[in-house]
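Visitor: Mind having a look at this structure? Questions to follow.
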Amino acid sequence: MYRYTEFDAAFVAERNRQFRAQVNRRIDGSLTEDEFKPLRLMNGLYLQLHAYMLRVAIPYGTLNSAQMRQLAMIAERWDKGYGHFTTRQNIQYNWPALRDVPDMLDALAEVGMHAIQTSGNTIRNVTADHFAGAAADEIADPRPVAELIRQWSTDHPEFQFLPRKFKIAVTGAEADRAVTRAHDIGIRTVQRDGETGYEIIVGGGLGRTPMIGKVLRSFLPEADLLPYLEATVSVWNLLGRRDNKYKSRIKITVHEHGIEEISRLVEDRFAILKPSFTGVDQAHLARIREDFAPPAFVTRPVDAYTRAYDSDPVFRAWADTNLSAHRAPGYAIAQISLKAHGATPGDASADQMRVIADIAEQFGHDEIRISHEQNIVLPHVHRADLPEIHARLKARGLATANIGKISDIIACPGMDYCALATARSIPIAQDIATRFDALKLEHDIGDLKIKISGCINACGHHHLGHIGILGLDRAGVENYQITLGGDHTEQAAVGERTGPGFSAEAILPAIERLVETYLAQRTGPEEPFIDTYRRVGMAPFKEALYGPEARRSRAA
Amino acid sequence: MTRRFTPKVVTGNALLEGDVVYLTVDDQWTRDLAAAEVLDDEAHAQLRLLDAQARQNEIVGAYLADVKPGAAGPEPAHFREAFRMRGPSNYAHGKQADTR
C-alpha cells in the first residue's frame with residue numbers, strides 16, 4: 001500500500017503544527033469561534049451534540065495493521081475506547097477534548113494518516129471498492145488512481161472554497177461496490193478495444209434531492225483522468241450555486257444546465273487544461289502503482305478449510321455469508337461484520353481493532369479495508385487459515401454471519417451524536433437486528449439491505465436501501481419514513497416512499513410486516529427481496545403497512 | 001392576542017470538552033439543566049443570549065432552548081434537548097455517565 005514520501009510527511013506535519021497553534025489561539029481567546037470554525041473543519045474537527053468529533057480519513061478504505069493499532073491506541077488514550085466507521089470509509093471519534101486533538105493528529109501522522117478535507121467545501125476523502133486488488137471481477141486495482149486523486153485534491157488551491165462538498169468514488173470492477181452512481185463524480189474502470197480507461201459519471205448524490213449520476217464521458221483514456229477531473233470540478237466551481245446551499249451540489253448544476261451543456265463546458269475546459277498536464281502525473285502514478293503491487297500469493301492445500309466447513313455448522317454459516325470470491329486460487333475475501341445483533345452499526349472497540357490488526361498481520365498480508373457498509377474486510381486471506389481466523393474473531397464478538405442480510409444495516413449516528421440529525425438511527429437499527437435474530441429468520445430472508453438515516457442529508461444512504469428508513473421530526477416526535485426498491489449497486493436506483501411515516505414504536509412492526517409480505521410473495525428462497533419488489537411492485541407492501549385503506553384510497 | 005412565550009434556557013457547548021452547558025442566574029455555566037435560569041420574558045431571554053454569546057472563551061454556539069417546568073426545575077420541551085441533557089442512547093456515555 002501507499003507509503004508517505006518525505007513530501008507527504010512534511011506536508012502533514014506542517015498542517016498539524018499550524019492547527020496546534022490555531023487550537024492554542026482559540027483556547028487563549030485570540031480566535032473567536034467564527035474565525036476558528038473553518039480552520040477546525042479543514043482538519044476534520046466537528047462539534048456535535050455532546051462533544052467534539054474528529055473524523056479521520058481512511059483513504060479508499062485501506063489500512064495496514066500498524067495503522068489499525070494506532071486507531072485503537074487513539075481510541076483508548078483520547079476517546080472512550082472505540083471508534084465509529086462511516087459510510088465514507090472514515091473513522092469518527094465521538095468524544096475528543098479540544099486540547100487533545102493536536103496530539104491525536106500527530107499520532108495519526110506517525111502512521112501516515114490525517115483528517116484533512118474530511119469536512120468543509122472541499123474534495124473529500126476519495127473512496128473505492130473495498131474489495132480492491134482482491135476481487136475476482138476486477139479489471140484494475142482502483143487504489144493507485146484513488147491515491148493520485150487524493151494527492152491532486154489535497155490542498156488543491158483552486159478547490160479549497162468550492163460551492164459545497166465534493167465526493168469522488170472509484171471502482172475497478174464490473175460490480176459496483178463503491179456506489180459510484182451516488183457520488184458527485186463516480187469513476188468506473190472500463191475496457192474498450194483492449195485499452196483500459198474510465199467511465200466518468202457525474203451528478204449523483206443523495207440528500208434532500210437524490211439523483212443517480214449521469215455518464216459524462218463513456219470512455220476516458222487513463223492518462224486524461226486528472227485534467228478531466230480538474231476540468232469538471234473547475235466548471236462546477238464557477239457554475240455551481242452559492243446562493244442556496246441546498247442547490248449547490250453538482251447534481252443540481254447538472255440538472256439545471258443539462259448533461260449536454262455541462263459536457264460541452266467540461267470538454268472546452270479540458271482542451272485548455274490538458275496541455276498543462278505534461279505527463280508528470282502519469283509518471284507519479286506509475287510510482288504509486290509500485291506501492292500497490294499485489295501480495296505474493298502462495299499455493300497451499302485448503303484441507304483445513306474443508307474439514308472445518310464440513311464439521312462446524314457455525315463456521316459454515318459464517319463462510320457462506322461473509323466470504324467472497326478472490327482472484328487468487330485458494331484465497332478468499334473475508335468480511336468482519338461490525339453489526340453484531342444489537343450493537344451499534346460500524347462501531348469497533350480498541351480491543352477489536354487490535355485483534356483485527358493482529359489477524360491481518362499474521363494471515364492477511366497486512367491489509368485491512370473499511371467498507372462503505374460499515375464493515376471491515378480482510379481482502380487477502382488463505383482458506384486454510386480461515387478456521388483459525390474465525391475462532392479468533394468469534395472470541396471477540398466479531399464473527400457475526402450476517403453480511404448482506406437484514407441485520408447488516410447501514411445507520412448514520414443520528415441524533416444520538418449528530419447535531420444535524422432530526423431523529424435517532426442507531427436504536428432503530430439495534431431493534432431491527434435484535435428482533436430478526438430472535439425470530440431466527442435472518443438466513444431464510446436472505447439478502448436484504450436496510451439503510452437508515454437520521455435526517456434528510458442521507459449519510460445512511462436510505463434512498464439506496466432495499467428498505468430505506470428516514471428519521472424525521474414530526475411536530476416534536478421522532479417519525480420514520482419508509483422507502484422501498486432502492487439499489488446501491490451498478491443498477492443504482494432511488495427508493496420510492498411508501499406513504500406516511502411511523503413512530504419510533506411502530507417502525508419495527510412495520511418492517512416486520514414488510515418482511516412477512518416479501519416471504520409470502522416471493523417465488524422461492526432464490527428470489528431476493530429486491531427482485532420480488534421489482535416483480536410485484538409497491539401495492540402488497542403498501543397494504544401490509546397501511547391496511548386495506550390504502551387500497552380504498554387508490555380506488556377512489 | 002399575542003402568542004404566549006415558551007420558557008427558555010440559554011444553552012451551548014463548553015469550549016474545551018464540548019459538553020452541554022446551561023446558563024445560571026448568577027452567570028455560571030452548569031452541566032445540570034435543572035440548575036439553569038428559566039427565561040419567561042422574550043426581551044430578557046434575548047439579552048441573556050447576547051451576554052452568553054459574548055463569552056467566546058468559555059462556550060460555543062449558544063442558543064435558546066425551549067423548556068417546560070418540572071418538579072426539580074426546567075425540563076426539556078423537545079426530544080433533541082432531552083438527548084443533549086442525557087447523552088447517547090447506545091452507550092451510557094455523556095451526562096448520564098457523569099451523574100451516576
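Labels for the C-alpha cells follow display order: chains A, B, ..., residues from 1 in each chain, ligands from 1.
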Tell me, counting only C-alpha atoms, for each residue of chain B within 12 Å of chain A, which pair of atoms is nearest and how far apart they are in Å to one decimal, in rows ordered by chain and increasing number, as CSV.
Guide:
residue,atom,partner,partner_atom,distance
B:Thr11,CA,A:Leu49,CA,11.5
B:Gly12,CA,A:Leu49,CA,9.5
B:Asn13,CA,A:Ala51,CA,7.6
B:Ala14,CA,A:Ala51,CA,8.5
B:Leu15,CA,A:Leu98,CA,7.5
B:Leu16,CA,A:Leu98,CA,5.1
B:Glu17,CA,A:Ala97,CA,4.7
B:Gly18,CA,A:Ala51,CA,4.1
B:Asp19,CA,A:His50,CA,4.9
B:Val20,CA,A:His50,CA,6.0
B:Val21,CA,A:His50,CA,9.8
B:Arg31,CA,A:His50,CA,11.2
B:Gln53,CA,A:Glu33,CA,10.2
B:Ala54,CA,A:Thr32,CA,9.8
B:Arg55,CA,A:Thr32,CA,9.9
B:Gln56,CA,A:Thr32,CA,6.4
B:Asn57,CA,A:Gly29,CA,5.6
B:Glu58,CA,A:Ile27,CA,8.7
B:Ile59,CA,A:Glu33,CA,9.1
B:Val60,CA,A:Glu33,CA,6.8
B:Gly61,CA,A:Glu33,CA,8.3
B:Ala62,CA,A:Glu33,CA,11.1
B:Asp66,CA,A:Gly476,CA,11.5
B:Pro76,CA,A:Gly476,CA,11.4
B:Ala77,CA,A:Gly476,CA,8.6
B:His78,CA,A:Gly476,CA,6.0
B:Phe79,CA,A:Gly476,CA,7.0
B:Arg80,CA,A:Met415,CA,7.3
B:Glu81,CA,A:Leu49,CA,9.3
B:Ala82,CA,A:Asp416,CA,10.7
B:Phe83,CA,A:Asp416,CA,7.0
B:Arg84,CA,A:Leu49,CA,6.1
B:Met85,CA,A:His50,CA,8.6
B:Arg86,CA,A:His50,CA,9.0
B:Gly87,CA,A:His50,CA,6.6
B:Pro88,CA,A:Asp416,CA,4.4
B:Ser89,CA,A:Asp416,CA,6.1
B:Asn90,CA,A:Thr344,CA,6.9
B:Tyr91,CA,A:Thr344,CA,9.1
B:Ala92,CA,A:Lys80,CA,10.9
B:His93,CA,A:Lys80,CA,8.5
B:Gly94,CA,A:His50,CA,6.6
B:Lys95,CA,A:His50,CA,8.4
B:Gln96,CA,A:His50,CA,11.1
B:Ala97,CA,A:Lys80,CA,11.9
Visitor: Would you please give, as an NGL selection string, all residues of chain B that DSSP assigns to helix (DSSP H, G or I) based on the backbone?
Guide: :B and (33-35 or 42-53 or 79-86 or 95-98)
Visitor: Extract, using only C-alpha atoms, all DNA, RNA and protein residues at most 7 Å from Phe270 in chain A, discarding same-chain residues fewer than 2 positions from it, and format them as a PyMOL selection string.
Guide: chain A and resi 227-228+231+266-268+272-274
Visitor: Filtering to C-alpha atoms, could you give me those residues as a short mmCIF file (atom, residue, chain, number, x, y, z; two decimals), in the first residue's frame?
Guide:
data_model
loop_
_atom_site.label_atom_id
_atom_site.label_comp_id
_atom_site.auth_asym_id
_atom_site.auth_seq_id
_atom_site.Cartn_x
_atom_site.Cartn_y
_atom_site.Cartn_z
CA PRO A 227 -7.02 17.06 -16.36
CA TYR A 228 -10.55 15.81 -17.00
CA ALA A 231 -11.94 20.48 -15.82
CA VAL A 266 -16.06 20.40 -19.44
CA GLU A 267 -14.65 19.41 -22.84
CA ASP A 268 -13.79 23.07 -23.60
CA ILE A 272 -7.28 24.18 -22.24
CA LEU A 273 -6.05 22.23 -19.21
CA LYS A 274 -4.80 19.09 -20.91
#
Visitor: What does the distance between CA of Tyr4 in chain A and CA of Ile74 in chain A come to in Å, to one decimal place?
Guide: 20.2 Å
Visitor: Go through A:Ile389, A:Asn402, A:Ala136, A:Pro59 one by one, measure the shortest atom-to-atom distance of each to Ser324 in chain A using only C-alpha atoms, and give the residue with the smallest value.
Guide: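 Answer, going by the shortest atom-to-atom distance: A:Ala136.
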Visitor: Residues of chain B in strand (DSSP E) according to DSSP, as a list in words?
Guide: Lys8, Val9, Val10, Thr11, Gly12, Asn13, Ala14, Val20, Val21, Tyr22, Leu23, Trp29, Thr30, Ile59, Val60, Gly61, Ala62, Tyr63, Leu64, Ala65, Asp66, Val67, Lys68, Pro69, Gly70, Gly73, Pro74, Glu75 and Pro76 of chain B
